[in-house]
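Okay, structure-v4.cif is below, mmCIF, C-alpha atoms:
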data_upload
loop_
_atom_site.label_atom_id
_atom_site.label_comp_id
_atom_site.auth_asym_id
_atom_site.auth_seq_id
_atom_site.Cartn_x
_atom_site.Cartn_y
_atom_site.Cartn_z
CA MET W 38 77.41 113.54 117.29
CA SER W 39 75.85 112.01 114.14
CA GLU W 40 76.77 115.12 112.11
CA ARG W 41 80.40 114.90 113.22
CA ARG W 42 80.45 111.19 112.29
CA ALA W 43 79.00 111.97 108.85
CA ASP W 44 81.60 114.70 108.33
CA LEU W 45 84.38 112.31 109.33
CA LYS W 46 83.12 109.68 106.89
CA GLN W 47 83.00 112.23 104.08
CA GLN W 48 86.55 113.40 104.85
CA LEU W 49 87.85 109.82 104.88
CA LEU W 50 86.10 109.02 101.61
CA THR W 51 87.48 112.15 99.95
CA GLN W 52 91.02 111.33 101.10
CA ALA W 53 90.70 107.73 99.95
CA LEU W 54 89.45 108.70 96.52
CA LYS W 55 92.28 111.21 96.12
CA ARG W 56 94.77 108.46 96.97
CA GLY W 57 93.30 106.28 94.26
CA ARG W 58 93.73 108.81 91.42
CA PRO W 59 96.77 108.07 89.24
CA ARG W 60 99.33 110.82 88.92
CA ALA W 61 100.07 112.26 85.51
CA ALA W 62 102.98 110.47 83.93
CA GLU W 63 106.25 112.33 83.46
CA PRO W 64 107.16 112.87 79.78
CA THR W 65 109.61 110.35 78.38
CA ALA W 66 111.46 109.94 75.11
CA SER W 67 108.86 107.46 73.90
CA ASP W 68 105.81 109.72 74.47
CA GLY W 69 107.12 112.96 73.06
CA GLY W 70 109.43 114.05 75.85
CA SER W 71 113.11 114.60 75.29
CA LEU W 72 116.21 113.22 76.90
CA PRO W 73 119.68 114.83 76.93
CA GLY W 74 121.68 113.99 73.81
CA GLY W 75 118.67 113.43 71.52
CA PRO W 76 116.65 110.25 70.92
CA ALA W 77 118.33 106.98 71.90
CA ARG W 78 118.96 104.42 69.19
CA ARG W 79 116.42 101.63 69.42
CA GLN W 80 117.87 98.18 70.06
CA PRO W 81 116.10 95.09 68.68
CA VAL W 82 114.03 93.23 71.32
CA PRO W 83 114.70 89.48 71.55
CA GLU W 84 111.68 87.53 70.33
CA ARG W 85 111.37 85.61 73.62
CA PHE W 86 110.30 88.86 75.32
CA THR W 87 107.34 89.25 72.96
CA ARG W 88 105.83 85.74 73.14
CA PHE W 89 103.73 84.28 75.94
CA ASP W 90 104.76 80.74 75.02
CA ALA W 91 108.34 81.77 75.85
CA HIS W 92 107.39 83.10 79.29
CA PRO W 93 109.21 81.19 82.09
CA GLY W 94 105.89 80.35 83.75
CA TYR W 95 104.45 78.75 80.66
CA GLN W 96 107.70 76.92 80.02
CA GLN W 97 107.48 75.43 83.53
CA ILE W 98 103.90 74.27 82.91
CA GLU W 99 104.92 72.60 79.65
CA MET W 100 107.85 70.88 81.34
CA MET W 101 105.52 69.46 84.02
CA ARG W 102 103.05 68.29 81.39
CA GLU W 103 105.78 66.58 79.40
CA GLY W 104 106.98 64.82 82.54
CA ALA W 105 103.45 63.59 83.25
CA ARG W 106 103.06 62.35 79.67
CA ARG W 107 106.27 60.35 79.91
CA LEU W 108 105.02 58.73 83.11
CA GLY W 109 101.67 57.93 81.51
CA LEU W 110 99.77 60.22 83.90
CA THR W 111 96.86 62.53 83.26
CA ASP W 112 96.81 66.13 84.48
CA PRO W 113 95.46 65.95 88.07
CA PHE W 114 94.33 69.58 88.04
CA PHE W 115 91.19 71.38 86.86
CA LYS W 116 88.96 68.30 87.07
CA VAL W 117 85.40 69.34 86.28
CA HIS W 118 82.93 68.53 89.06
CA GLU W 119 79.44 68.29 87.61
CA GLY W 120 77.48 69.06 90.76
CA ASN W 121 77.98 69.85 94.40
CA ALA W 122 81.30 68.61 95.79
CA GLY W 123 81.03 67.04 99.23
CA ALA W 124 82.06 63.62 100.52
CA THR W 125 81.29 62.42 96.99
CA SER W 126 81.34 64.21 93.65
CA VAL W 127 80.50 63.44 90.03
CA ILE W 128 83.36 63.89 87.53
CA ASP W 129 82.96 62.90 83.87
CA GLY W 130 79.66 61.21 84.72
CA ARG W 131 81.17 58.96 87.41
CA GLU W 132 80.70 59.31 91.17
CA TYR W 133 83.93 59.52 93.15
CA LEU W 134 84.80 59.51 96.81
CA ASN W 135 85.97 63.09 97.16
CA PHE W 136 88.80 64.25 99.43
CA ALA W 137 89.69 67.41 97.51
CA SER W 138 87.06 69.94 98.63
CA TYR W 139 86.75 72.28 101.62
CA ASN W 140 83.08 71.53 102.29
CA TYR W 141 84.00 70.63 105.87
CA LEU W 142 80.54 70.92 107.44
CA GLY W 143 78.49 69.90 104.40
CA PHE W 144 76.74 73.26 104.14
CA SER W 145 77.49 73.74 100.45
CA GLY W 146 74.54 72.06 98.79
CA ASP W 147 72.39 72.03 101.94
CA PRO W 148 68.84 72.91 100.79
CA ARG W 149 68.47 75.59 103.49
CA VAL W 150 71.70 77.27 102.42
CA ASN W 151 70.68 77.03 98.76
CA ARG W 152 67.35 78.62 99.65
CA ALA W 153 69.10 81.55 101.33
CA ALA W 154 71.06 82.20 98.14
CA TRP W 155 67.93 81.96 96.01
CA ASP W 156 66.00 84.37 98.22
CA ALA W 157 68.88 86.86 98.12
CA VAL W 158 68.94 86.80 94.32
CA GLU W 159 65.19 87.30 94.21
CA ARG W 160 65.44 90.34 96.46
CA TYR W 161 68.73 91.98 95.46
CA GLY W 162 69.57 90.69 91.98
CA THR W 163 72.79 88.99 90.94
CA SER W 164 75.14 91.92 91.61
CA VAL W 165 75.22 94.91 93.95
CA SER W 166 76.66 96.77 90.94
CA ALA W 167 79.07 99.08 92.80
CA SER W 168 81.65 99.25 95.52
CA ARG W 169 79.92 99.26 98.87
CA VAL W 170 81.24 102.70 99.83
CA VAL W 171 79.62 104.22 96.74
CA SER W 172 76.24 102.53 96.34
CA GLY W 173 76.78 98.79 96.68
CA GLU W 174 75.79 98.48 100.35
CA ARG W 175 72.90 96.11 101.10
CA PRO W 176 71.38 95.11 104.47
CA ILE W 177 72.75 91.59 104.16
CA HIS W 178 76.34 92.89 104.24
CA GLY W 179 75.86 94.38 107.68
CA GLU W 180 74.01 91.29 108.89
CA LEU W 181 76.84 89.01 107.79
CA GLU W 182 79.54 91.20 109.30
CA GLN W 183 77.64 91.46 112.60
CA ALA W 184 77.23 87.66 112.67
CA ILE W 185 80.98 87.20 112.11
CA ALA W 186 81.82 89.73 114.83
CA ASP W 187 79.40 87.97 117.20
CA ALA W 188 80.96 84.58 116.43
CA TYR W 189 84.37 85.98 117.39
CA GLN W 190 83.02 88.11 120.27
CA VAL W 191 84.79 91.19 118.89
CA GLU W 192 83.60 94.69 118.06
CA ASP W 193 83.34 94.58 114.29
CA ALA W 194 84.08 92.72 111.06
CA VAL W 195 84.35 93.54 107.37
CA ALA W 196 83.77 91.17 104.43
CA PHE W 197 85.83 91.27 101.22
CA VAL W 198 84.91 89.65 97.88
CA SER W 199 88.01 87.41 97.89
CA GLY W 200 89.90 85.56 100.60
CA HIS W 201 93.22 86.12 98.84
CA ALA W 202 92.46 89.83 98.38
CA THR W 203 91.56 90.09 102.08
CA ASN W 204 95.11 89.31 103.14
CA VAL W 205 96.73 91.23 100.30
CA SER W 206 94.76 94.38 100.99
CA THR W 207 94.86 94.18 104.80
CA LEU W 208 98.62 93.68 105.11
CA GLY W 209 99.27 95.94 102.15
CA TYR W 210 97.41 98.84 103.73
CA LEU W 211 98.04 98.48 107.48
CA MET W 212 101.80 98.01 107.20
CA GLY W 213 104.40 100.32 105.63
CA PRO W 214 108.11 100.82 104.87
CA LYS W 215 108.97 101.55 108.51
CA ASP W 216 107.29 98.37 109.72
CA LEU W 217 108.14 94.67 110.05
CA VAL W 218 106.11 91.58 109.15
CA LEU W 219 107.17 88.33 110.82
CA HIS W 220 105.43 85.23 109.50
CA ASP W 221 105.47 81.47 109.72
CA GLU W 222 107.47 79.99 106.85
CA TYR W 223 104.35 78.06 105.75
CA ILE W 224 102.10 81.12 105.62
CA HIS W 225 99.72 81.39 102.67
CA ASN W 226 100.74 83.18 99.49
CA SER W 227 98.14 85.89 100.08
CA SER W 228 99.93 87.07 103.22
CA LEU W 229 103.29 87.06 101.44
CA VAL W 230 101.90 89.18 98.62
CA GLY W 231 100.30 91.57 101.09
CA ALA W 232 103.55 91.98 103.01
CA GLN W 233 105.46 92.62 99.79
CA LEU W 234 102.87 95.18 98.69
CA SER W 235 103.16 97.05 101.99
CA GLY W 236 106.87 97.76 101.57
CA ALA W 237 107.50 96.51 105.09
CA ARG W 238 110.51 94.37 105.87
CA ARG W 239 109.49 90.71 105.84
CA ILE W 240 111.17 87.88 107.76
CA SER W 241 109.95 84.29 108.09
CA PHE W 242 110.49 82.02 111.09
CA ALA W 243 110.58 78.22 111.24
CA HIS W 244 107.17 76.57 111.14
CA ASN W 245 105.32 76.84 114.46
CA ASP W 246 108.60 77.75 116.18
CA ALA W 247 107.66 80.35 118.78
CA GLY W 248 111.22 80.41 120.09
CA ALA W 249 112.55 81.41 116.67
CA LEU W 250 109.95 84.18 116.52
CA GLU W 251 110.95 85.49 119.91
CA ALA W 252 114.61 85.58 118.92
CA LEU W 253 113.74 87.65 115.84
CA LEU W 254 111.71 90.07 117.93
CA ALA W 255 114.50 90.44 120.48
CA ARG W 256 116.90 91.28 117.64
CA HIS W 257 114.71 93.51 115.47
CA ARG W 258 111.74 94.97 117.37
CA GLY W 259 113.45 98.23 118.28
CA GLN W 260 114.30 99.01 114.65
CA PHE W 261 110.68 99.33 113.45
CA GLU W 262 107.50 101.21 114.24
CA ARG W 263 104.75 98.62 113.87
CA VAL W 264 105.42 94.89 113.94
CA LEU W 265 102.88 92.32 112.75
CA ILE W 266 103.15 88.56 113.42
CA VAL W 267 101.15 86.41 110.97
CA ILE W 268 100.27 82.77 111.63
CA GLU W 269 97.51 80.39 110.53
CA GLY W 270 94.92 78.68 112.68
CA LEU W 271 95.15 75.35 110.83
CA TYR W 272 97.86 74.85 108.24
CA SER W 273 96.32 73.38 105.12
CA MET W 274 99.45 71.56 103.95
CA ASP W 275 100.12 69.76 107.23
CA GLY W 276 96.92 69.87 109.26
CA ASP W 277 98.72 71.16 112.37
CA VAL W 278 98.08 74.18 114.60
CA PRO W 279 100.24 76.81 116.35
CA ASP W 280 100.51 77.15 120.12
CA LEU W 281 98.28 80.21 120.26
CA PRO W 282 98.76 81.07 123.97
CA ARG W 283 102.54 81.11 123.46
CA PHE W 284 102.28 83.40 120.43
CA ILE W 285 99.96 85.73 122.33
CA ASP W 286 102.41 85.94 125.22
CA ILE W 287 105.28 86.76 122.86
CA LYS W 288 103.39 89.44 120.94
CA GLN W 289 102.28 91.12 124.18
CA ARG W 290 105.77 91.23 125.65
CA HIS W 291 107.25 92.64 122.45
CA GLN W 292 104.40 95.10 121.75
CA ALA W 293 103.52 93.61 118.38
CA TRP W 294 100.26 92.87 116.60
CA LEU W 295 99.17 89.26 116.03
CA MET W 296 97.14 88.20 112.99
CA VAL W 297 95.64 84.70 112.71
CA ASP W 298 94.51 83.42 109.31
CA GLU W 299 91.56 81.11 110.04
CA ALA W 300 90.81 80.09 106.47
CA HIS W 301 90.85 76.42 107.46
CA SER W 302 90.34 76.59 111.24
CA PHE W 303 87.04 78.46 111.60
CA GLY W 304 84.20 75.94 111.45
CA VAL W 305 86.68 73.15 112.17
CA LEU W 306 88.47 73.71 115.47
CA GLY W 307 86.79 73.96 118.85
CA GLU W 308 83.71 72.32 120.35
CA HIS W 309 81.39 74.58 118.32
CA GLY W 310 83.70 75.19 115.36
CA LEU W 311 84.58 78.70 116.52
CA GLY W 312 88.20 78.26 115.57
CA LEU W 313 91.60 78.50 117.19
CA ARG W 314 90.52 80.69 120.09
CA GLU W 315 87.90 78.11 121.14
CA HIS W 316 90.39 75.29 120.61
CA PHE W 317 92.74 76.93 123.15
CA ASP W 318 90.04 78.73 125.19
CA VAL W 319 91.61 82.18 124.92
CA PRO W 320 89.82 85.56 124.75
CA ALA W 321 89.29 86.75 121.19
CA GLY W 322 90.63 90.18 122.09
CA ASP W 323 94.09 88.72 122.74
CA VAL W 324 94.51 88.48 118.96
CA ASP W 325 94.59 91.80 117.11
CA ILE W 326 93.44 90.67 113.66
CA TRP W 327 91.29 87.63 112.92
CA MET W 328 91.11 86.72 109.26
CA GLY W 329 89.05 84.00 107.65
CA THR W 330 87.42 82.87 104.43
CA MET W 331 83.79 82.10 103.68
CA SER W 332 84.55 79.54 100.96
CA LYS W 333 85.12 76.57 103.25
CA ALA W 334 82.98 75.73 106.29
CA MET W 335 80.78 78.78 105.60
CA ALA W 336 79.70 77.61 102.12
CA GLY W 337 80.13 80.93 100.33
CA CYS W 338 83.02 82.92 98.92
CA GLY W 339 85.16 85.86 100.02
CA GLY W 340 87.12 86.72 103.12
CA TYR W 341 86.71 88.70 106.32
CA ILE W 342 88.66 90.58 108.95
CA ALA W 343 87.36 90.74 112.53
CA GLY W 344 88.64 92.65 115.54
CA SER W 345 88.51 96.11 117.07
CA ARG W 346 86.24 98.75 115.55
CA PRO W 347 89.07 101.22 114.78
CA MET W 348 91.00 98.54 112.86
CA VAL W 349 87.95 97.37 110.93
CA GLU W 350 86.79 100.92 110.17
CA THR W 351 90.24 101.75 108.82
CA LEU W 352 90.02 98.85 106.38
CA ARG W 353 86.40 99.55 105.47
CA TYR W 354 87.16 103.11 104.41
CA LEU W 355 90.73 102.87 103.15
CA ALA W 356 91.86 99.34 102.21
CA PRO W 357 92.10 99.32 98.37
CA GLY W 358 90.83 95.75 98.00
CA PHE W 359 87.59 96.78 99.70
CA LEU W 360 87.24 100.43 98.73
CA TYR W 361 87.84 99.96 95.00
CA SER W 362 86.17 96.56 94.60
CA VAL W 363 82.54 95.81 93.86
CA GLY W 364 80.65 94.65 96.93
CA LEU W 365 80.04 91.01 97.80
CA PRO W 366 77.01 89.77 95.80
CA ALA W 367 74.02 89.17 98.04
CA GLN W 368 73.63 85.57 96.92
CA VAL W 369 77.23 84.92 98.04
CA ALA W 370 76.82 86.64 101.41
CA ALA W 371 73.51 84.91 102.21
CA PRO W 372 74.80 81.30 102.27
CA SER W 373 77.59 82.22 104.69
CA LEU W 374 75.13 84.04 106.94
CA LYS W 375 72.87 80.98 106.92
CA ALA W 376 75.82 78.64 107.56
CA LEU W 377 76.76 80.65 110.66
CA GLU W 378 73.19 80.29 111.92
CA LEU W 379 73.19 76.53 111.27
CA MET W 380 76.58 76.09 112.96
CA ARG W 381 74.99 77.34 116.18
CA GLU W 382 71.91 75.17 115.77
CA GLU W 383 73.68 71.95 114.67
CA PRO W 384 76.96 71.55 116.60
CA GLU W 385 76.81 67.83 115.84
CA ARG W 386 78.24 68.60 112.38
CA VAL W 387 81.47 69.80 113.98
CA HIS W 388 81.47 66.75 116.28
CA ARG W 389 81.08 64.40 113.30
CA LEU W 390 83.90 66.19 111.46
CA HIS W 391 86.18 65.76 114.48
CA ALA W 392 85.28 62.08 114.83
CA VAL W 393 85.75 61.16 111.17
CA SER W 394 89.00 63.16 110.93
CA ARG W 395 90.45 61.40 113.99
CA TYR W 396 89.38 58.05 112.56
CA PHE W 397 91.18 58.76 109.29
CA LEU W 398 94.33 59.84 111.14
CA GLU W 399 94.35 56.86 113.52
CA GLN W 400 93.69 54.32 110.76
CA ALA W 401 96.35 55.83 108.49
CA ARG W 402 98.97 55.83 111.24
CA GLY W 403 97.98 52.31 112.21
CA MET W 404 98.82 51.25 108.64
CA GLY W 405 102.26 52.87 108.90
CA LEU W 406 101.44 55.85 106.67
CA ASP W 407 103.30 59.10 107.33
CA THR W 408 100.74 61.74 108.30
CA GLY W 409 103.29 64.28 109.50
CA HIS W 410 102.18 66.54 112.34
CA SER W 411 98.46 66.54 111.52
CA ILE W 412 96.21 66.76 114.58
CA GLY W 413 93.39 65.04 112.69
CA ALA W 414 91.05 67.97 112.12
CA ALA W 415 89.72 68.13 108.53
CA VAL W 416 93.21 68.09 106.94
CA VAL W 417 95.40 64.97 106.90
CA PRO W 418 98.38 64.61 104.54
CA VAL W 419 99.91 61.29 103.58
CA ILE W 420 103.56 62.05 102.87
CA VAL W 421 105.13 59.76 100.27
CA GLY W 422 108.44 61.56 99.70
CA SER W 423 108.48 61.83 95.90
CA SER W 424 106.58 64.02 93.44
CA PRO W 425 106.36 61.31 90.74
CA LEU W 426 105.07 58.85 93.35
CA ALA W 427 102.48 61.31 94.65
CA ALA W 428 101.30 62.05 91.11
CA GLY W 429 101.20 58.34 90.28
CA LEU W 430 99.16 57.52 93.38
CA CYS W 431 96.70 60.30 92.58
CA HIS W 432 96.28 58.84 89.08
CA ALA W 433 95.86 55.28 90.34
CA LEU W 434 93.35 56.21 93.04
CA PHE W 435 91.33 58.26 90.56
CA LYS W 436 91.01 55.21 88.33
CA ARG W 437 89.62 53.42 91.40
CA GLY W 438 87.00 56.11 92.04
CA ILE W 439 88.84 58.17 94.65
CA ASN W 440 89.59 61.85 94.07
CA VAL W 441 92.51 63.25 96.09
CA GLN W 442 95.04 65.86 95.01
CA PRO W 443 98.84 65.52 95.07
CA ILE W 444 101.03 68.28 96.48
CA LEU W 445 104.27 68.31 94.53
CA HIS W 446 107.61 70.10 94.50
CA PRO W 447 108.07 73.11 94.52
CA ALA W 448 104.88 73.66 96.56
CA VAL W 449 106.58 71.49 99.19
CA PRO W 450 110.14 70.11 99.38
CA GLU W 451 110.57 67.04 97.18
CA LYS W 452 111.00 64.75 100.20
CA SER W 453 107.66 66.06 101.53
CA ALA W 454 105.57 65.40 98.40
CA ARG W 455 102.20 64.09 99.50
CA LEU W 456 98.56 63.36 98.95
CA ARG W 457 96.41 65.83 100.88
CA PHE W 458 93.08 64.57 102.22
CA PHE W 459 90.32 67.04 103.14
CA LEU W 460 87.64 65.48 105.32
CA SER W 461 83.96 66.36 105.55
CA CYS W 462 81.47 65.62 108.30
CA GLU W 463 79.61 63.64 105.62
CA HIS W 464 82.41 61.11 105.09
CA THR W 465 81.77 57.68 106.61
CA HIS W 466 84.13 55.19 108.25
CA GLU W 467 83.42 52.78 105.41
CA GLN W 468 84.52 55.33 102.80
CA ILE W 469 87.71 55.98 104.74
CA ASP W 470 88.45 52.26 105.09
CA GLN W 471 87.93 51.80 101.35
CA THR W 472 90.23 54.72 100.56
CA LEU W 473 93.07 53.74 102.88
CA GLU W 474 92.98 50.12 101.72
CA ALA W 475 93.22 51.26 98.10
CA LEU W 476 96.06 53.64 98.97
CA ALA W 477 98.00 50.90 100.77
CA GLU W 478 97.60 48.57 97.78
CA GLU W 479 98.75 51.21 95.30
CA LEU W 480 101.71 52.15 97.49
CA SER W 481 102.86 48.52 97.55
CA LEU W 482 102.66 48.43 93.73
CA ASN W 483 104.20 51.84 93.01
CA ARG W 484 107.04 52.23 95.52
CA PRO W 485 110.44 52.06 93.77
#
Go ahead and render the structure in this file as structure tokens.
Amino acid sequence: MSERRADLKQQLLTQALKRGRPRAAEPTASDGGSLPGGPARRQPVPERFTRFDAHPGYQQIEMMREGARRLGLTDPFFKVHEGNAGATSVIDGREYLNFASYNYLGFSGDPRVNRAAWDAVERYGTSVSASRVVSGERPIHGELEQAIADAYQVEDAVAFVSGHATNVSTLGYLMGPKDLVLHDEYIHNSSLVGAQLSGARRISFAHNDAGALEALLARHRGQFERVLIVIEGLYSMDGDVPDLPRFIDIKQRHQAWLMVDEAHSFGVLGEHGLGLREHFDVPAGDVDIWMGTMSKAMAGCGGYIAGSRPMVETLRYLAPGFLYSVGLPAQVAAPSLKALELMREEPERVHRLHAVSRYFLEQARGMGLDTGHSIGAAVVPVIVGSSPLAAGLCHALFKRGINVQPILHPAVPEKSARLRFFLSCEHTHEQIDQTLEALAEELSLNRP
């Protein structure tokens, strides 16, 4: 049996490596080939196509910067944090109340988590120096993946070096031109890029609207081979959650796969932080693909896919973002493994996060602030309805020692421009009171 398994692995590896080899380019007029009628006359290329400062993307950045300068605002992005970023952070030598980091359970900076990273570096070095399928595999990779699978109560899991690449590579490989991807309109960019890469048809449905999804399936399911539904466990722009049991029922009746992106929900939702399935008390196996990131509650970096062994094995041997990428460094895997252990041992961290998040939500709503559809779990937006106002409030609060990021058009519709608050279990009621009082004062001064 072991010999047959080894043979199968070798066959899969050989096929995967063949797929990765580039084909020889066809000869063209520019590289010595010939085209009917002789060489074409070269036309002059407009200068704007040869300069990066004329690229539309850079032009957009410059336009935004000029707008900020005219309003007397500083750039709210790429602030340099000089140490660990938790409930507080030091920026330019000053300590700020910090609502712009994903350190939900306070594990980033925890001495025990730091120690795990240090020990991993001591044992394995700073890089595994190869893709895992070649020679980059280390014991800690299997330990982390087993711990993730155990947390989800599924057969297997695989860890990628990047959360964004996890979605890109998973959707890009599993789906194809004869397939359909249906996704929430607020789904993360990584899932959109993965769907585009796959060549599958892609259709969005209204945010959290299970009825709209069902109508699309009734209309289109019979036209495609595989159909994948992609939703998130906790939407990071709005802090709301999907009705998971309803989505499971729909996917089962229409013979589709369901993928849940738990980047922000694992470690946050549920009594023990086990995510959306614990929040709704549904069996993990009712969801086909669980995705998550290790850069938030798990205090590391990278992403993972968890589910059935055949699905995970397919990705482990054939998904380009795993197969052709260097393996996760040991000192990045170790903190997440330790965080999973501490989550089990210290459930009070999740309880504190829930309590402080609810307090923020209740106090904000009590002051008449628009918090949208947030359920009060780690992510609470305050919608102000104008990009200039959101940017101005960010600037004013920063001057008062409060770091919170604005979300501006076109990331959200102009009328939905907002400040987005990320809560940590280490935030206190006093810090929240101070922040909301300052926000209310600045709103009264800055509203047109």
ask   = Taking the file as shown, what set of residues would the PyMOL selection byres ((chain W and resi 111-117) around 12) give back, as a count of residues only?
value = 44
message = When you look at Gly413 of chain W with a cut-off of 8 Å (counting all atoms listed in the file), what residues show up, excluding the ones that are within fewer than 5 positions of it in the same chain? I need them as a PyMOL selection string.
response = chain W and resi 276+391+394-395+397-398
request  = Point out the residue among W:Trp155, W:Phe242, W:Tyr210, W:Phe89 with the least atom-to-atom distance to Val230 of chain W, counting only C-alpha atoms.
outcome  = W:Tyr210
key: Surrounding residues of Lys452 of chain W excluding itself and chain neighbours under 6 positions, 12 Å, all atoms listed in the file, as number ranges by chain   = W: 407, 420-427, 444-446
Ground truth for the PyMOL selection byres ((chain W and resi 300) around 8), written as a PDB file with C-alpha atoms, in the frame of the given file:
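So out_32.pdb came out as:
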ATOM      1  CA  GLU W 269      97.510  80.390 110.530  1.00  0.00           C
ATOM      2  CA  GLY W 270      94.920  78.680 112.680  1.00  0.00           C
ATOM      3  CA  LEU W 271      95.150  75.350 110.830  1.00  0.00           C
ATOM      4  CA  ASP W 298      94.510  83.420 109.310  1.00  0.00           C
ATOM      5  CA  GLU W 299      91.560  81.110 110.040  1.00  0.00           C
ATOM      6  CA  HIS W 301      90.850  76.420 107.460  1.00  0.00           C
ATOM      7  CA  SER W 302      90.340  76.590 111.240  1.00  0.00           C
ATOM      8  CA  PHE W 303      87.040  78.460 111.600  1.00  0.00           C
ATOM      9  CA  MET W 328      91.110  86.720 109.260  1.00  0.00           C
ATOM     10  CA  GLY W 329      89.050  84.000 107.650  1.00  0.00           C
ATOM     11  CA  THR W 330      87.420  82.870 104.430  1.00  0.00           C
ATOM     12  CA  MET W 331      83.790  82.100 103.680  1.00  0.00           C
ATOM     13  CA  LYS W 333      85.120  76.570 103.250  1.00  0.00           C
TER      14      LYS W 333
END
ask   = Written as a PyMOL selection string, which residues does the PyMOL selection byres ((chain W and resi 318) around 12) give for the file shown?
value = chain W and resi 280-282+306-309+311-317+319-323
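In this comparison, which uses only C-alpha atoms, the residue of W:His220, W:Arg152, W:His466, W:His410 approaching Arg389 of chain W most closely is W:His466.
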What would segment 357-371 of chain W look like with N, CA and C atoms in place, written as a short mmCIF file (atom, residue, chain, number, x, y, z; two decimals), keeping the file's coordinate frame?
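Here's the written file part.cif:
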data_model
loop_
_atom_site.label_atom_id
_atom_site.label_comp_id
_atom_site.auth_asym_id
_atom_site.auth_seq_id
_atom_site.Cartn_x
_atom_site.Cartn_y
_atom_site.Cartn_z
N PRO W 357 92.43 99.30 99.80
CA PRO W 357 92.10 99.32 98.37
C PRO W 357 91.26 98.13 97.91
N GLY W 358 91.55 96.94 98.44
CA GLY W 358 90.83 95.75 98.00
C GLY W 358 89.37 95.74 98.41
N PHE W 359 89.00 96.61 99.34
CA PHE W 359 87.59 96.78 99.70
C PHE W 359 87.02 98.03 99.05
N LEU W 360 87.73 99.13 99.19
CA LEU W 360 87.24 100.43 98.73
C LEU W 360 87.00 100.46 97.22
N TYR W 361 87.90 99.87 96.45
CA TYR W 361 87.84 99.96 95.00
C TYR W 361 87.28 98.70 94.34
N SER W 362 86.73 97.79 95.14
CA SER W 362 86.17 96.56 94.60
C SER W 362 84.65 96.59 94.71
N VAL W 363 83.99 95.97 93.76
CA VAL W 363 82.54 95.81 93.86
C VAL W 363 82.21 95.05 95.14
N GLY W 364 81.04 95.31 95.70
CA GLY W 364 80.65 94.65 96.93
C GLY W 364 80.33 93.18 96.72
N LEU W 365 80.37 92.43 97.81
CA LEU W 365 80.04 91.01 97.80
C LEU W 365 78.61 90.82 97.29
N PRO W 366 78.38 90.00 96.27
CA PRO W 366 77.01 89.77 95.80
C PRO W 366 76.15 89.19 96.92
N ALA W 367 74.91 89.59 96.95
CA ALA W 367 74.02 89.17 98.04
C ALA W 367 73.87 87.65 98.10
N GLN W 368 73.83 87.01 96.93
CA GLN W 368 73.63 85.57 96.92
C GLN W 368 74.89 84.81 97.34
N VAL W 369 76.00 85.52 97.51
CA VAL W 369 77.23 84.92 98.04
C VAL W 369 77.30 85.16 99.55
N ALA W 370 76.84 86.34 99.99
CA ALA W 370 76.82 86.64 101.41
C ALA W 370 75.78 85.80 102.15
N ALA W 371 74.63 85.59 101.53
CA ALA W 371 73.51 84.91 102.21
C ALA W 371 73.83 83.48 102.65
#
